[in-house]
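Have a look at the structure below before the remarks.
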Amino acid sequence: MCVESKLNCVYNPGDERSVIFTMEVIPNIDKHIQIHEIRFFEKSPLNYDWVNGDKGLNNYPTKFGLRVLKNNIEILRITDINSLRDWNERKFNFDNLPAFVSKEKSTFQFEFLAYCPIGNNSTVSVWILKICQSSLLASKRI
């Protein structure tokens with residue numbers, strides 16, 4: 001998906017330009033569910049090309065951030081991640097983060113925000129994101 005980026009260099013959690021998806025996990029009795037990782041591809045292309053529309057120079061974002069909430073409480077925030085011009089696979093592993101383990105019904109919200117455009121003369125600033133997968137594991141309660 002191609003999305004508009006934030007036009008300044010300050011990360012703003014919950015910004016209206018964020019790409020947000022939620023995941024609800026419901027463990028069985030005597031089990032827990034752990035979110036192990038998320039994988040996605042991203043790029044900030046030098047040029048944009050709208051389907052059936054304009055194309056031209058992109059005032060591409062140089063940074064992006066990832067924020068995760070569990071039941072509306074922030075459990076992870078990583079900002080100032082450099083975005084690249086070509087497709088780049090990103091993997092974030094949550095194995096050592098206890099907040100990504102659920103022993104009861106929980107809702108996780110993943111929020112991505114591109115920001116800090118390069119500053120050329122283009123009025124268009126877009127970022128491209130392709131979410132591949134998240135990895136879950138159900139285990140017996142320890």
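Just remember, in the structure tokens the first chain shown is A, the second B, etc., residues are 1-based per chain, and ligands are 1-based in the order shown.
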
inquiry  = Which residues are close to segment 6-22 of chain A, i.e. within 9 Å by only C-alpha atoms, leaving aside same-chain residues fewer than 2 positions away? Reply as a PyMOL selection string.
reply    = chain A and resi 3-4+24+61-65+67+77+79-80+107-117+125-126+129

Export of prior selection with N, CA and C atoms as a compact mmCIF listing (two decimals), in the first residue's frame:
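Wrote it out as result33.txt, contents follow:
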# COMPACT_ATOMS: atom_id res chain seq x y z
N VAL A 3 1.22 5.10 0.96
CA VAL A 3 0.61 6.02 1.91
C VAL A 3 1.37 7.34 1.98
N GLU A 4 0.66 8.36 2.38
CA GLU A 4 1.26 9.68 2.58
C GLU A 4 2.16 9.66 3.81
N GLU A 24 -6.45 -9.60 17.18
CA GLU A 24 -7.00 -10.08 18.45
C GLU A 24 -6.56 -11.52 18.65
N PRO A 61 10.06 10.03 2.29
CA PRO A 61 10.41 10.06 3.71
C PRO A 61 11.74 9.33 3.94
N THR A 62 12.49 9.83 4.90
CA THR A 62 13.79 9.22 5.21
C THR A 62 13.72 8.33 6.45
N LYS A 63 12.64 8.43 7.22
CA LYS A 63 12.50 7.68 8.47
C LYS A 63 11.11 7.07 8.56
N PHE A 64 11.01 6.04 9.41
CA PHE A 64 9.70 5.54 9.79
C PHE A 64 9.79 5.01 11.21
N GLY A 65 8.62 4.83 11.81
CA GLY A 65 8.55 4.30 13.17
C GLY A 65 7.52 3.19 13.25
N ARG A 67 5.10 1.30 16.21
CA ARG A 67 4.56 1.37 17.56
C ARG A 67 3.56 0.24 17.72
N ARG A 77 7.88 1.01 21.06
CA ARG A 77 8.00 2.14 20.15
C ARG A 77 9.44 2.19 19.66
N THR A 79 11.59 4.33 16.77
CA THR A 79 11.51 5.46 15.84
C THR A 79 12.86 5.68 15.17
N ASP A 80 12.87 6.60 14.24
CA ASP A 80 14.10 6.99 13.52
C ASP A 80 14.74 5.82 12.77
N THR A 107 -5.90 -7.53 22.47
CA THR A 107 -5.88 -6.88 21.16
C THR A 107 -4.57 -6.14 21.00
N PHE A 108 -3.86 -6.47 19.94
CA PHE A 108 -2.61 -5.81 19.60
C PHE A 108 -2.87 -4.86 18.44
N GLN A 109 -2.34 -3.66 18.55
CA GLN A 109 -2.46 -2.68 17.47
C GLN A 109 -1.05 -2.33 17.00
N PHE A 110 -0.81 -2.53 15.71
CA PHE A 110 0.47 -2.21 15.09
C PHE A 110 0.31 -0.93 14.30
N GLU A 111 1.22 0.01 14.50
CA GLU A 111 1.10 1.33 13.90
C GLU A 111 2.43 1.68 13.21
N PHE A 112 2.37 1.99 11.93
CA PHE A 112 3.54 2.37 11.15
C PHE A 112 3.38 3.82 10.70
N LEU A 113 4.45 4.60 10.82
CA LEU A 113 4.40 5.99 10.38
C LEU A 113 5.71 6.36 9.69
N ALA A 114 5.60 6.80 8.44
CA ALA A 114 6.75 7.33 7.70
C ALA A 114 6.78 8.84 7.91
N TYR A 115 7.98 9.39 8.02
CA TYR A 115 8.10 10.82 8.27
C TYR A 115 9.48 11.32 7.83
N CYS A 116 9.69 12.61 7.96
CA CYS A 116 10.95 13.29 7.67
C CYS A 116 11.32 13.22 6.18
N PRO A 117 10.54 13.91 5.33
CA PRO A 117 10.84 13.90 3.90
C PRO A 117 12.21 14.51 3.60
N SER A 125 4.68 13.29 -1.02
CA SER A 125 5.58 12.54 -0.13
C SER A 125 4.90 11.23 0.23
N VAL A 126 5.38 10.12 -0.39
CA VAL A 126 4.74 8.82 -0.18
C VAL A 126 5.75 7.77 0.26
N LEU A 129 4.42 0.31 1.74
CA LEU A 129 4.50 -0.70 2.79
C LEU A 129 3.75 -1.95 2.33

**Prompt:** Hey, what's within 8 Å of Asp86 of chain A if we count only C-alpha atoms and toss same-chain stuff fewer than 5 positions away? As a VMD selection string, please?
**Reply:** chain A and resid 42 to 45

Any chance you can output those residues with C-alpha atoms as a tab-separated table (two decimals), in the first residue's frame?
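Resulting contents of out06.tsv:
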chain	number	residue	atom	x	y	z
A	42	GLU	CA	9.02	-1.00	2.78
A	43	LYS	CA	10.50	1.57	0.47
A	44	SER	CA	10.58	5.30	-0.05
A	45	PRO	CA	10.91	5.53	-3.82

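One distance worth recording is that between atom CA of Ser83 of chain A and atom CA of Cys2 of chain A, which is 14.0 Å.
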
So that I can check the surroundings of Asn120 of chain A, please list as a ChimeraX atom specification every protein, DNA and RNA residue that reaches within 10 Å of it, counting only C-alpha atoms and ignoring chain neighbours fewer than 3 positions away.
/A:57-60,117,123-125

Residues of the last selection are to be written out with N, CA and C atoms, as a compact mmCIF listing (two decimals), in the first residue's frame.
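selection.txt was written with the following content:
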# COMPACT_ATOMS: atom_id res chain seq x y z
N LEU A 57 8.49 13.18 -9.25
CA LEU A 57 9.46 13.17 -8.17
C LEU A 57 8.76 13.06 -6.81
N ASN A 58 9.24 12.17 -5.97
CA ASN A 58 8.68 11.96 -4.63
C ASN A 58 9.55 12.68 -3.60
N ASN A 59 8.95 13.44 -2.74
CA ASN A 59 9.64 14.03 -1.59
C ASN A 59 9.66 12.95 -0.52
N TYR A 60 10.44 11.90 -0.79
CA TYR A 60 10.36 10.65 -0.05
C TYR A 60 10.75 10.79 1.43
N PRO A 117 10.54 13.91 5.33
CA PRO A 117 10.84 13.90 3.90
C PRO A 117 12.21 14.51 3.60
N THR A 123 5.72 18.20 -4.14
CA THR A 123 4.62 18.36 -3.18
C THR A 123 4.04 17.02 -2.75
N VAL A 124 4.56 15.91 -3.32
CA VAL A 124 4.09 14.57 -2.99
C VAL A 124 5.14 13.88 -2.13
N SER A 125 4.68 13.29 -1.02
CA SER A 125 5.58 12.54 -0.13
C SER A 125 4.90 11.23 0.23

Problem - Those in chain A with strand (DSSP E) from DSSP, as a PyMOL selection string - result: chain A and resi 2-4+19-25+31-43+47-49+55-57+61-70+73-82+88-93+101-102+106-117+126-140
